[in-house]
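K.L.:
What follows is the file query.cif, containing mmCIF, C-alpha atoms:
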data_data
loop_
_atom_site.group_PDB
_atom_site.id
_atom_site.type_symbol
_atom_site.label_atom_id
_atom_site.label_comp_id
_atom_site.auth_asym_id
_atom_site.auth_seq_id
_atom_site.Cartn_x
_atom_site.Cartn_y
_atom_site.Cartn_z
ATOM 1 C CA MET A 114 115.108 121.441 146.448
ATOM 2 C CA ARG A 115 112.726 123.776 144.668
ATOM 3 C CA ASP A 116 115.203 124.278 141.804
ATOM 4 C CA TYR A 117 115.540 120.493 141.517
ATOM 5 C CA LYS A 118 111.747 120.117 141.123
ATOM 6 C CA LEU A 119 111.712 122.852 138.502
ATOM 7 C CA LEU A 120 114.455 121.078 136.527
ATOM 8 C CA VAL A 121 112.543 117.785 136.718
ATOM 9 C CA LEU A 122 109.366 119.484 135.464
ATOM 10 C CA ILE A 123 111.225 121.108 132.553
ATOM 11 C CA PHE A 124 112.828 117.771 131.656
ATOM 12 C CA LEU A 125 109.478 115.935 131.779
ATOM 13 C CA SER A 126 107.827 118.596 129.643
ATOM 14 C CA LEU A 127 110.571 118.180 127.025
ATOM 15 C CA LEU A 128 109.856 114.435 126.904
ATOM 16 C CA ASN A 129 106.181 115.076 126.235
ATOM 17 C CA VAL A 130 106.751 117.177 123.115
ATOM 18 C CA GLN A 131 104.170 116.378 120.481
ATOM 19 C CA ALA A 132 105.216 114.269 117.500
ATOM 20 C CA GLN A 133 106.606 116.389 114.719
ATOM 21 C CA GLU A 134 104.551 116.728 111.539
ATOM 22 C CA LEU A 135 106.499 115.760 108.450
ATOM 23 C CA ASP A 136 105.919 116.079 104.731
ATOM 24 C CA ILE A 137 105.843 113.087 102.414
ATOM 25 C CA HIS A 138 108.630 113.761 99.924
ATOM 26 C CA LYS A 139 109.127 112.827 96.314
ATOM 27 C CA ILE A 140 112.477 111.107 95.886
ATOM 28 C CA GLU A 141 114.638 109.789 93.084
ATOM 29 C CA LEU A 142 115.827 106.252 93.712
ATOM 30 C CA THR A 143 119.505 105.581 93.128
ATOM 31 C CA ASP A 144 119.592 101.851 93.895
ATOM 32 C CA THR A 145 119.685 100.377 90.367
ATOM 33 C CA VAL A 146 118.865 96.855 91.604
ATOM 34 C CA LEU A 147 115.743 98.116 93.362
ATOM 35 C CA ILE A 148 114.705 100.198 90.333
ATOM 36 C CA SER A 149 115.108 97.264 87.935
ATOM 37 C CA THR A 150 113.250 94.902 90.311
ATOM 38 C CA ILE A 151 110.319 97.334 90.597
ATOM 39 C CA SER A 152 110.307 97.824 86.826
ATOM 40 C CA GLU A 153 110.276 94.042 86.297
ATOM 41 C CA TYR A 154 107.447 93.713 88.839
ATOM 42 C CA ILE A 155 105.394 96.328 86.959
ATOM 43 C CA LYS A 156 105.932 94.600 83.598
ATOM 44 C CA GLU A 157 105.067 91.160 84.977
ATOM 45 C CA THR A 158 101.959 92.440 86.738
ATOM 46 C CA LYS A 159 100.747 94.156 83.559
ATOM 47 C CA THR A 160 101.076 90.900 81.600
ATOM 48 C CA PHE A 161 99.560 88.885 84.436
ATOM 49 C CA ASP A 162 96.631 91.315 84.833
ATOM 50 C CA SER A 163 95.972 93.847 82.056
ATOM 51 C CA LEU A 164 93.862 95.940 84.460
ATOM 52 C CA PHE A 165 97.142 97.016 86.104
ATOM 53 C CA ASN A 166 97.845 99.034 82.944
ATOM 54 C CA HIS A 167 95.223 101.540 84.183
ATOM 55 C CA VAL A 168 94.501 100.789 87.848
ATOM 56 C CA GLY A 169 96.960 100.347 90.682
ATOM 57 C CA TYR A 170 100.225 101.583 92.086
ATOM 58 C CA VAL A 171 103.285 99.898 93.602
ATOM 59 C CA LYS A 172 104.146 99.733 97.306
ATOM 60 C CA VAL A 173 107.693 99.144 98.528
ATOM 61 C CA ASP A 174 108.266 98.330 102.196
ATOM 62 C CA ILE A 175 111.824 98.700 103.451
ATOM 63 C CA ARG A 176 111.920 95.791 105.862
ATOM 64 C CA GLY A 177 115.442 95.630 107.171
ATOM 65 C CA LEU A 178 119.025 96.701 107.130
ATOM 66 C CA ASN A 179 121.816 94.375 108.288
ATOM 67 C CA ASN A 180 119.322 91.905 109.720
ATOM 68 C CA TYR A 181 119.989 88.925 111.979
ATOM 69 C CA ASN A 182 121.698 86.660 109.428
ATOM 70 C CA LYS A 183 125.134 86.075 110.973
ATOM 71 C CA GLU A 184 126.637 83.978 108.135
ATOM 72 C CA ASN A 185 126.001 86.608 105.453
ATOM 73 C CA GLU A 186 125.498 90.271 106.157
ATOM 74 C CA ILE A 187 122.055 91.095 104.757
ATOM 75 C CA PHE A 188 122.396 94.624 103.543
ATOM 76 C CA ARG A 189 118.778 95.503 102.599
ATOM 77 C CA ILE A 190 115.364 93.829 102.320
ATOM 78 C CA TYR A 191 112.535 95.278 100.197
ATOM 79 C CA TYR A 192 109.010 93.890 99.998
ATOM 80 C CA ILE A 193 107.236 94.900 96.755
ATOM 81 C CA THR A 194 103.467 94.666 96.213
ATOM 82 C CA ASP A 195 100.793 96.490 94.273
ATOM 83 C CA SER A 196 97.572 98.064 95.441
ATOM 84 C CA SER A 197 94.479 99.788 94.137
ATOM 85 C CA TYR A 198 93.204 100.951 97.508
ATOM 86 C CA PRO A 199 92.602 104.671 97.947
ATOM 87 C CA LEU A 200 94.252 106.505 100.794
ATOM 88 C CA GLU A 201 91.478 108.031 102.850
ATOM 89 C CA LYS A 202 91.451 111.321 104.727
ATOM 90 C CA ASN A 203 90.763 109.552 108.032
ATOM 91 C CA ASP A 204 93.394 106.826 107.544
ATOM 92 C CA GLN A 205 96.063 106.536 110.200
ATOM 93 C CA ASP A 206 99.519 107.849 109.344
ATOM 94 C CA LYS A 207 100.869 104.299 108.974
ATOM 95 C CA SER A 208 98.726 103.988 105.821
ATOM 96 C CA TYR A 209 100.704 106.814 104.223
ATOM 97 C CA PRO A 210 104.177 106.292 102.768
ATOM 98 C CA ASP A 211 107.342 108.043 103.861
ATOM 99 C CA TYR A 212 108.301 108.784 100.232
ATOM 100 C CA TYR A 213 107.010 108.418 96.697
ATOM 101 C CA THR A 214 108.449 108.287 93.199
ATOM 102 C CA HIS A 215 107.488 107.163 89.693
ATOM 103 C CA ILE A 216 108.916 104.207 87.792
ATOM 104 C CA ASP A 217 107.693 103.242 84.318
ATOM 105 C CA LYS A 218 104.854 105.773 84.668
ATOM 106 C CA LYS A 219 103.555 104.044 87.791
ATOM 107 C CA LEU A 220 103.320 105.682 91.190
ATOM 108 C CA VAL A 221 105.585 103.961 93.735
ATOM 109 C CA LEU A 222 104.898 104.498 97.438
ATOM 110 C CA ILE A 223 107.844 103.756 99.734
ATOM 111 C CA TYR A 224 107.288 102.836 103.370
ATOM 112 C CA ASN A 225 110.252 102.819 105.748
ATOM 113 C CA GLU A 226 109.348 100.370 108.512
ATOM 114 C CA LEU A 227 112.617 101.111 110.303
ATOM 115 C CA ASN A 228 111.800 104.801 110.767
ATOM 116 C CA ARG A 229 108.377 103.933 112.126
ATOM 117 C CA GLU A 230 109.888 101.603 114.718
ATOM 118 C CA LEU A 231 112.413 104.179 115.887
ATOM 119 C CA PHE A 232 110.548 107.483 115.690
ATOM 120 C CA GLN A 233 107.101 108.767 116.485
ATOM 121 C CA TYR A 234 105.922 111.221 113.860
ATOM 122 C CA THR A 235 102.848 112.259 111.932
ATOM 123 C CA PHE A 236 102.435 113.536 108.412
ATOM 124 C CA SER A 237 101.075 116.997 107.734
ATOM 125 C CA CYS A 238 97.474 117.252 106.508
ATOM 126 C CA LYS A 239 98.679 119.177 103.461
ATOM 127 C CA SER A 240 101.126 116.409 102.581
ATOM 128 C CA LYS A 241 98.509 113.658 102.978
ATOM 129 C CA LYS A 242 96.043 115.592 100.831
ATOM 130 C CA LYS A 243 98.692 115.997 98.126
ATOM 131 C CA LEU A 244 99.389 112.262 98.186
ATOM 132 C CA ARG A 245 95.680 111.410 97.899
ATOM 133 C CA LYS A 246 95.581 113.606 94.772
ATOM 134 C CA LEU A 247 98.656 111.819 93.388
ATOM 135 C CA THR A 248 97.067 108.378 93.857
ATOM 136 C CA GLU A 249 93.739 109.358 92.264
ATOM 137 C CA PRO A 250 94.799 108.700 88.602
ATOM 138 C CA PHE A 251 95.928 105.199 89.648
ATOM 139 C CA LEU A 252 92.567 104.215 91.171
ATOM 140 C CA SER A 253 89.401 102.960 89.559
ATOM 141 C CA PRO A 254 86.749 105.663 89.137
ATOM 142 C CA LYS A 255 84.236 106.328 91.888
ATOM 143 C CA ILE A 256 80.716 105.104 91.303
ATOM 144 C CA THR A 257 78.720 107.639 89.282
ATOM 145 C CA PRO A 258 75.657 109.395 90.779
ATOM 146 C CA LYS A 259 73.340 107.714 88.257
ATOM 147 C CA ASP A 260 74.496 104.303 89.531
ATOM 148 C CA LEU A 261 73.708 105.134 93.150
ATOM 149 C CA PRO A 262 70.678 103.425 94.733
ATOM 150 C CA LYS A 263 67.522 105.464 95.292
ATOM 151 C CA ASN A 264 67.441 104.671 99.015
ATOM 152 C CA LYS A 265 69.177 107.559 100.854
ATOM 153 C CA LYS A 266 70.721 105.326 103.527
ATOM 154 C CA GLU A 267 72.284 103.019 100.931
ATOM 155 C CA ARG A 268 73.289 105.992 98.776
ATOM 156 C CA ASP A 269 75.138 107.688 101.663
ATOM 157 C CA PHE A 270 76.885 104.421 102.480
ATOM 158 C CA ILE A 271 78.343 103.831 99.013
ATOM 159 C CA LYS A 272 78.698 107.344 97.588
ATOM 160 C CA ASP A 273 82.509 107.113 97.611
ATOM 161 C CA PHE A 274 82.598 103.498 96.525
ATOM 162 C CA ARG A 275 85.098 102.408 93.892
ATOM 163 C CA GLU A 276 86.165 98.965 92.786
ATOM 164 C CA GLN A 277 89.330 97.739 94.452
ATOM 165 C CA TYR A 278 91.391 94.868 93.187
ATOM 166 C CA VAL A 279 93.429 92.416 95.180
ATOM 167 C CA ARG A 280 96.307 90.455 93.699
ATOM 168 C CA PHE A 281 97.948 87.910 95.949
ATOM 169 C CA ARG A 282 101.463 88.415 94.697
ATOM 170 C CA HIS A 283 104.591 90.097 95.886
ATOM 171 C CA THR A 284 108.306 90.197 95.275
ATOM 172 C CA GLU A 285 110.925 90.265 97.981
ATOM 173 C CA LEU A 286 114.344 91.673 97.140
ATOM 174 C CA ILE A 287 117.172 90.734 99.483
ATOM 175 C CA ILE A 288 120.527 92.367 98.911
ATOM 176 C CA VAL A 289 123.445 90.603 100.558
ATOM 177 C CA GLU A 290 126.586 92.665 100.772
ATOM 178 C CA GLY A 291 129.155 91.617 98.166
ATOM 179 C CA GLU A 292 126.907 89.001 96.534
ATOM 180 C CA LYS A 293 124.313 88.809 93.777
ATOM 181 C CA PRO A 294 120.885 90.092 94.973
ATOM 182 C CA ILE A 295 118.250 87.477 95.793
ATOM 183 C CA VAL A 296 114.826 88.067 94.258
ATOM 184 C CA ILE A 297 112.006 85.928 95.654
ATOM 185 C CA LYS A 298 108.824 86.048 93.593
ATOM 186 C CA ASN A 299 105.544 84.843 94.986
ATOM 187 C CA VAL A 300 102.830 84.741 92.340
ATOM 188 C CA HIS A 301 99.386 83.289 93.082
#
Could you rewrite the structure in this file as structure tokens?

P.N.:
Amino acid sequence: MRDYKLLVLIFLSLLNVQAQELDIHKIELTDTVLISTISEYIKETKTFDSLFNHVGYVKVDIRGLNNYNKENEIFRIYYITDSSYPLEKNDQDKSYPDYYTHIDKKLVLIYNELNRELFQYTFSCKSKKKLRKLTEPFLSPKITPKDLPKNKKERDFIKDFREQYVRFRHTELIIVEGEKPIVIKNVH
């Protein structure tokens, strides 16, 4: 009986292993449809809003593989948006991407929703710091010290302030196995 309790304790301790810390890796995309869709999104956004030439990066969310469509096998779903929000040191891990790459000289952050549903993991502090440095050139500049208010309380509140831009647009890329990809554009 004592050996049985020991085995149960060992098994329970194995279940309570802390989440593994992972690095955020740079990758090279091979999906030519995804690459061309992101490239098109970047070009359209730059013509739609010239500020995107200097400020902003692209976010790609991998939303599904072989989803629930029974008539046609949906092979992949990507949700493409842009952002100019900085990643902060105290942000939760879900704010950080699983991977990153560059397309048309723009930073592309890739989030794999499927991994996050299946696995519990955290990103290493070193990896998150590296990614914050990578996003910095794609953000608007921080407010300069001369522009800070004289009042210390207000100054402390906005010392890291930078302008952030919101565009209410996205592109959804749905790839159906054996058929032409479906690109749904939502521009507001």

K.L.:
Which polymer residues have any atom within 6 Å of an atom of Leu252 of chain A, counting only C-alpha atoms, with same-chain residues fewer than 6 positions away left out, as a ChimeraX atom specification?

P.N.:
/A:168-169,197

K.L.:
One number please: atom CA of Asp162 of chain A to atom CA of Leu244 of chain A, in Å, one decimal.

P.N.:
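Atom-to-atom, atom CA of Asp162 of chain A to atom CA of Leu244 of chain A, that is 25.0 Å.
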
K.L.:
Tell me, in Å to one decimal, how far atom CA of His138 of chain A is from atom CA of Asp211 of chain A.

P.N.:
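Atom-to-atom, atom CA of His138 of chain A to atom CA of Asp211 of chain A, that is 7.1 Å.
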
K.L.:
Expanded to explicit residues, what is the PyMOL selection byres ((chain A and resi 205) around 12) for this file, as a ChimeraX atom specification?

P.N.:
/A:200-204,206-210,234-238,241

K.L.:
To one decimal place, how far is atom CA of His283 of chain A from atom CA of Thr194 of chain A in Å?

P.N.:
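Spanning atom CA of His283 of chain A to atom CA of Thr194 of chain A is a straight-line distance of 4.7 Å.
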
K.L.:
Starting from the displayed file, determine the output of the PyMOL selection byres ((chain A and resi 140-151) around 8) and express the residue list as a PyMOL selection string.

P.N.:
chain A and resi 138-139+152-155+193+212-214+216+286+294

K.L.:
Taking the file above as input, evaluate the PyMOL selection byres ((chain A and resi 224) around 7) and report the hits as an mmCIF file with C-alpha atoms, in the frame of the given file.

P.N.:
data_model
loop_
_atom_site.group_PDB
_atom_site.id
_atom_site.type_symbol
_atom_site.label_atom_id
_atom_site.label_comp_id
_atom_site.auth_asym_id
_atom_site.auth_seq_id
_atom_site.Cartn_x
_atom_site.Cartn_y
_atom_site.Cartn_z
ATOM 1 C CA VAL A 173 107.693 99.144 98.528
ATOM 2 C CA ASP A 174 108.266 98.330 102.196
ATOM 3 C CA ILE A 175 111.824 98.700 103.451
ATOM 4 C CA PRO A 210 104.177 106.292 102.768
ATOM 5 C CA ASP A 211 107.342 108.043 103.861
ATOM 6 C CA TYR A 212 108.301 108.784 100.232
ATOM 7 C CA LEU A 222 104.898 104.498 97.438
ATOM 8 C CA ILE A 223 107.844 103.756 99.734
ATOM 9 C CA ASN A 225 110.252 102.819 105.748
ATOM 10 C CA GLU A 226 109.348 100.370 108.512
#

K.L.:
Set up a box along x, y and z of the file covering all listed atoms of segment 193-197 of chain A, add 8 Å on every one of the six sides, and write the centre and edge lengths in Å to one decimal, as AutoDock Vina command-line options.

P.N.:
--center_x 100.9 --center_y 97.2 --center_z 95.4 --size_x 28.8 --size_y 21.1 --size_z 18.6

K.L.:
Pick the closest to Ser253 of chain A from A:His167, A:Glu134, A:Phe161, A:Leu220: which is it, counting all atoms listed in the file?

P.N.:
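Going through A:His167, A:Glu134, A:Phe161, A:Leu220 one by one, the smallest distance to Ser253 of chain A is for A:His167.
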
K.L.:
From the list A:Gln233, A:Thr248, A:Ser163, A:Asn228, which residue is nearest Ser196 of chain A when using all atoms listed in the file?

P.N.:
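Looking at the shortest contact to Ser196 of chain A, the residue is A:Thr248.
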
K.L.:
In terms of the shortest atom-to-atom distance over only C-alpha atoms, which of A:Thr160, A:Ile287, A:Tyr170, A:Lys298 is closest to Ile190 of chain A?

P.N.:
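Closest candidate: A:Ile287.
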
K.L.:
Find, counting only C-alpha atoms, the residue in A:Phe251, A:Lys246, A:Lys293, A:Phe232 that gets nearest to Asp195 of chain A.

P.N.:
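The shortest atom-to-atom distance to Asp195 of chain A comes from A:Phe251.
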